[in-house]
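Participant: Below is the structure I would like to discuss, written out as structure tokens.
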Amino acid sequence: MILVTGGAGFIGSNLQAALWERNVESVVVDRLREHGKWRNLAAHPPARLIAPEDLDQFLAGHPPVEMVFHLGAISATTARDGDLVWQSNVALSQSLWEWCAGRGVRFVYASSAATYGDGGAGFDDDPSLEHLRALRPLNLYGWSKHAFDLWVARRIAAGEKRPPQWVGLKFFNVYGPNEYHKGGMVSVVKVKHDEVKAGQAARLFRADQPGLADGEQKRDFIWVGDVVEALLWLRDTPGVNGLFNLGTGTARSYRDLAHAVCDALGVARQIAFIDMPEALAGQYQSFTEARMERLRAAGFVRPCTALEDGVRLYLQNYLSKPDPYR
């Protein structure tokens, strides 16, 4: 049995679909609420769906869990409730780590590229305490993910009991199907698709750094299918442990992304620049690029999908269909 927290969410439901295709029994920990999130699981329902508040009771029953994929979190970069974010993103992660360590259960968790802050300290996924302590996240979400990375690093350095396999993945900018419930946190690909499909120009933020041209802010955009392949590889490769980046290893500009959306829709390229919202001022990463050497050295050598190919897959295989869900 595989336990997937956040399994009705974006990345979690794509992983759940892949486990379903492999005929692997899974238990999803999540809330469906009232906004159609159930559709993320419609084609591949789990064996059981557990509300987060019922997780402790479920685990106390000593279920035969082989592995935990801990993907659930408050992921909004604009989150403001520090107590709620700590409880959801740090305390729950600590509790699951300790349960897995005590029961001999493998544990893979989602960290984030947001832990790197403005990128001034680079994007090296060095797991040492010395390196991690130099990072300065720009927002509450990134800080919460960083706090758990540090908590894990301290336990590893102290030689404390750990799960038989433990892996933290610093996800970069993931895009693809089943993200539609995320509101303002959907990928830029989906937002630009909606704008261009409505006959508008793709709107991009003006650069807020001296010397940086509008539209030349760059991120490491990764197709969700590549993320799922990495997660499945970790399940198949129990000897891999550590903290790793998960991106393509190549930063691409927002201008490139907007052009890829226009090309996939078969319309003329058109971009309009707008001012950055106050809510993002001082918290916006203008450049991210995953260093992938450590994960490649560990054995995950599958090539990542190029931005243009991933955008075309997303738009033509999902967003253009009556049912856009995986």
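Naming works like this for the structure tokens: A, B, ... for the chains as they're shown, residue 1 at the start of each chain, ligands 1 onward in shown order.
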Which residues of stretch 99-204 of chain A come within 12 Å of stretch 223-235 of chain A, and what is each one's closest atom pair and distance in Å (one decimal), counting only C-alpha atoms, sorted by chain and residue number, as a tab-separated table?
Facilitator:
residue	atom	partner	partner_atom	distance
A:Val105	CA	A:Arg235	CA	11.8
A:Arg106	CA	A:Arg235	CA	8.7
A:Phe107	CA	A:Arg235	CA	9.7
A:Val108	CA	A:Leu234	CA	8.3
A:Tyr109	CA	A:Leu231	CA	9.9
A:Ala110	CA	A:Leu231	CA	10.4
A:Gln165	CA	A:Leu234	CA	9.2
A:Trp166	CA	A:Leu234	CA	9.7
A:Val167	CA	A:Leu234	CA	8.4
A:Gly168	CA	A:Leu231	CA	10.7
A:Leu169	CA	A:Leu231	CA	9.2
A:Lys170	CA	A:Val227	CA	10.7
A:Phe171	CA	A:Val227	CA	8.2
A:Phe172	CA	A:Val227	CA	9.8
A:Asn173	CA	A:Trp223	CA	8.5
A:Val174	CA	A:Val224	CA	5.7
A:Tyr175	CA	A:Trp223	CA	5.4
A:Gly176	CA	A:Val224	CA	5.4
A:Pro177	CA	A:Val224	CA	7.9
A:Asn178	CA	A:Val224	CA	9.8
A:Glu179	CA	A:Val224	CA	10.1
A:Ser187	CA	A:Trp223	CA	10.7
A:Val189	CA	A:Trp223	CA	10.4
Participant: Can you list, as a PyMOL selection string, every protein, DNA or RNA residue that comes within 12 Å of A:Val28 when you count only C-alpha atoms, leaving out same-chain residues fewer than 2 positions away?
Facilitator: chain A and resi 1-9+12-13+15-17+19-20+25-26+30-32+38+40-41+44-52+54-55+58+65+68-72
Participant: With only C-alpha atoms as the basis for distance, which of A:Gly310, A:Pro210, A:Gly104, A:Gly199 is at the shortest distance from A:Arg162?
Facilitator: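 Nearest candidate to A:Arg162 out of A:Gly310, A:Pro210, A:Gly104, A:Gly199: A:Gly104.
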Participant: Produce a table with one row for each residue of stretch 242-274 of chain A that has an atom at most 12 Å from any atom of stretch 139-149 of chain A, each row naming the nearest atom pair and its distance in Å at one decimal; use only C-alpha atoms; arrange rows by chain and rising residue number; format as a Markdown table.
Facilitator:
| residue | atom | partner | partner_atom | distance |
| --- | --- | --- | --- | --- |
| A:Gly242 | CA | A:Asp149 | CA | 10.4 |
| A:Leu243 | CA | A:Asp149 | CA | 8.1 |
| A:Phe244 | CA | A:Asp149 | CA | 10.9 |
Participant: Quick one: residues within 12 Å of A:Ala207, only C-alpha atoms counted, chain neighbours fewer than 2 positions away excluded, as a ChimeraX atom specification?
Facilitator: /A:204-205,209-218,253-255,273-277,281,284-287
Participant: For the residues in that selection, give me N, CA and C atoms as a PDB file, in the first residue's frame.
Facilitator:
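Okay, result_33.pdb is ready:
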ATOM      1  N   LEU A 204       2.548  39.518 -19.275  1.00  0.00           N
ATOM      2  CA  LEU A 204       3.705  39.183 -18.459  1.00  0.00           C
ATOM      3  C   LEU A 204       4.065  40.370 -17.575  1.00  0.00           C
ATOM      4  N   PHE A 205       4.630  40.079 -16.400  1.00  0.00           N
ATOM      5  CA  PHE A 205       5.060  41.150 -15.505  1.00  0.00           C
ATOM      6  C   PHE A 205       6.286  41.864 -16.066  1.00  0.00           C
ATOM      7  N   GLN A 209      13.932  44.261 -11.782  1.00  0.00           N
ATOM      8  CA  GLN A 209      15.344  44.314 -11.428  1.00  0.00           C
ATOM      9  C   GLN A 209      16.102  45.112 -12.480  1.00  0.00           C
ATOM     10  N   PRO A 210      17.010  45.974 -12.068  1.00  0.00           N
ATOM     11  CA  PRO A 210      17.781  46.778 -13.031  1.00  0.00           C
ATOM     12  C   PRO A 210      18.552  45.888 -14.000  1.00  0.00           C
ATOM     13  N   GLY A 211      18.503  46.268 -15.267  1.00  0.00           N
ATOM     14  CA  GLY A 211      19.266  45.533 -16.278  1.00  0.00           C
ATOM     15  C   GLY A 211      18.588  44.301 -16.825  1.00  0.00           C
ATOM     16  N   LEU A 212      17.402  43.980 -16.307  1.00  0.00           N
ATOM     17  CA  LEU A 212      16.683  42.803 -16.781  1.00  0.00           C
ATOM     18  C   LEU A 212      15.537  43.244 -17.684  1.00  0.00           C
ATOM     19  N   ALA A 213      15.537  42.767 -18.910  1.00  0.00           N
ATOM     20  CA  ALA A 213      14.506  43.163 -19.871  1.00  0.00           C
ATOM     21  C   ALA A 213      13.165  42.541 -19.514  1.00  0.00           C
ATOM     22  N   ASP A 214      12.093  43.247 -19.852  1.00  0.00           N
ATOM     23  CA  ASP A 214      10.749  42.715 -19.620  1.00  0.00           C
ATOM     24  C   ASP A 214      10.585  41.383 -20.360  1.00  0.00           C
ATOM     25  N   GLY A 215      10.028  40.416 -19.654  1.00  0.00           N
ATOM     26  CA  GLY A 215       9.808  39.096 -20.244  1.00  0.00           C
ATOM     27  C   GLY A 215      10.991  38.166 -20.162  1.00  0.00           C
ATOM     28  N   GLU A 216      12.137  38.666 -19.678  1.00  0.00           N
ATOM     29  CA  GLU A 216      13.339  37.842 -19.605  1.00  0.00           C
ATOM     30  C   GLU A 216      13.571  37.261 -18.203  1.00  0.00           C
ATOM     31  N   GLN A 217      12.598  37.426 -17.308  1.00  0.00           N
ATOM     32  CA  GLN A 217      12.652  36.664 -16.071  1.00  0.00           C
ATOM     33  C   GLN A 217      12.611  35.185 -16.457  1.00  0.00           C
ATOM     34  N   LYS A 218      13.398  34.372 -15.773  1.00  0.00           N
ATOM     35  CA  LYS A 218      13.519  32.973 -16.182  1.00  0.00           C
ATOM     36  C   LYS A 218      13.227  32.026 -15.017  1.00  0.00           C
ATOM     37  N   SER A 253      12.809  31.648 -20.361  1.00  0.00           N
ATOM     38  CA  SER A 253      12.185  32.934 -20.065  1.00  0.00           C
ATOM     39  C   SER A 253      10.660  32.850 -20.162  1.00  0.00           C
ATOM     40  N   TYR A 254      10.010  33.777 -19.483  1.00  0.00           N
ATOM     41  CA  TYR A 254       8.555  33.882 -19.599  1.00  0.00           C
ATOM     42  C   TYR A 254       8.159  34.247 -21.033  1.00  0.00           C
ATOM     43  N   ARG A 255       9.018  34.959 -21.712  1.00  0.00           N
ATOM     44  CA  ARG A 255       8.743  35.267 -23.120  1.00  0.00           C
ATOM     45  C   ARG A 255       8.708  33.972 -23.934  1.00  0.00           C
ATOM     46  N   PHE A 273       2.890  43.758 -21.454  1.00  0.00           N
ATOM     47  CA  PHE A 273       3.567  43.800 -20.163  1.00  0.00           C
ATOM     48  C   PHE A 273       2.766  44.627 -19.164  1.00  0.00           C
ATOM     49  N   ILE A 274       2.676  44.111 -17.935  1.00  0.00           N
ATOM     50  CA  ILE A 274       1.924  44.774 -16.873  1.00  0.00           C
ATOM     51  C   ILE A 274       2.811  44.902 -15.635  1.00  0.00           C
ATOM     52  N   ASP A 275       2.445  45.834 -14.745  1.00  0.00           N
ATOM     53  CA  ASP A 275       3.204  46.011 -13.514  1.00  0.00           C
ATOM     54  C   ASP A 275       3.005  44.817 -12.586  1.00  0.00           C
ATOM     55  N   MET A 276       4.008  44.524 -11.803  1.00  0.00           N
ATOM     56  CA  MET A 276       3.924  43.441 -10.840  1.00  0.00           C
ATOM     57  C   MET A 276       3.016  43.833  -9.678  1.00  0.00           C
ATOM     58  N   PRO A 277       2.121  42.958  -9.216  1.00  0.00           N
ATOM     59  CA  PRO A 277       1.244  43.279  -8.087  1.00  0.00           C
ATOM     60  C   PRO A 277       2.051  43.539  -6.814  1.00  0.00           C
ATOM     61  N   ALA A 281       5.747  41.993  -4.695  1.00  0.00           N
ATOM     62  CA  ALA A 281       6.943  42.841  -4.632  1.00  0.00           C
ATOM     63  C   ALA A 281       7.884  42.351  -3.535  1.00  0.00           C
ATOM     64  N   TYR A 284       9.447  37.902  -5.422  1.00  0.00           N
ATOM     65  CA  TYR A 284       9.371  37.302  -6.752  1.00  0.00           C
ATOM     66  C   TYR A 284      10.741  36.799  -7.187  1.00  0.00           C
ATOM     67  N   GLN A 285      10.812  35.529  -7.550  1.00  0.00           N
ATOM     68  CA  GLN A 285      12.052  34.960  -8.050  1.00  0.00           C
ATOM     69  C   GLN A 285      12.171  35.266  -9.543  1.00  0.00           C
ATOM     70  N   SER A 286      13.167  36.036  -9.921  1.00  0.00           N
ATOM     71  CA  SER A 286      13.354  36.383 -11.329  1.00  0.00           C
ATOM     72  C   SER A 286      14.186  35.362 -12.085  1.00  0.00           C
ATOM     73  N   PHE A 287      14.803  34.421 -11.347  1.00  0.00           N
ATOM     74  CA  PHE A 287      15.591  33.384 -12.004  1.00  0.00           C
ATOM     75  C   PHE A 287      15.630  32.153 -11.123  1.00  0.00           C
TER      76      PHE A 287
END
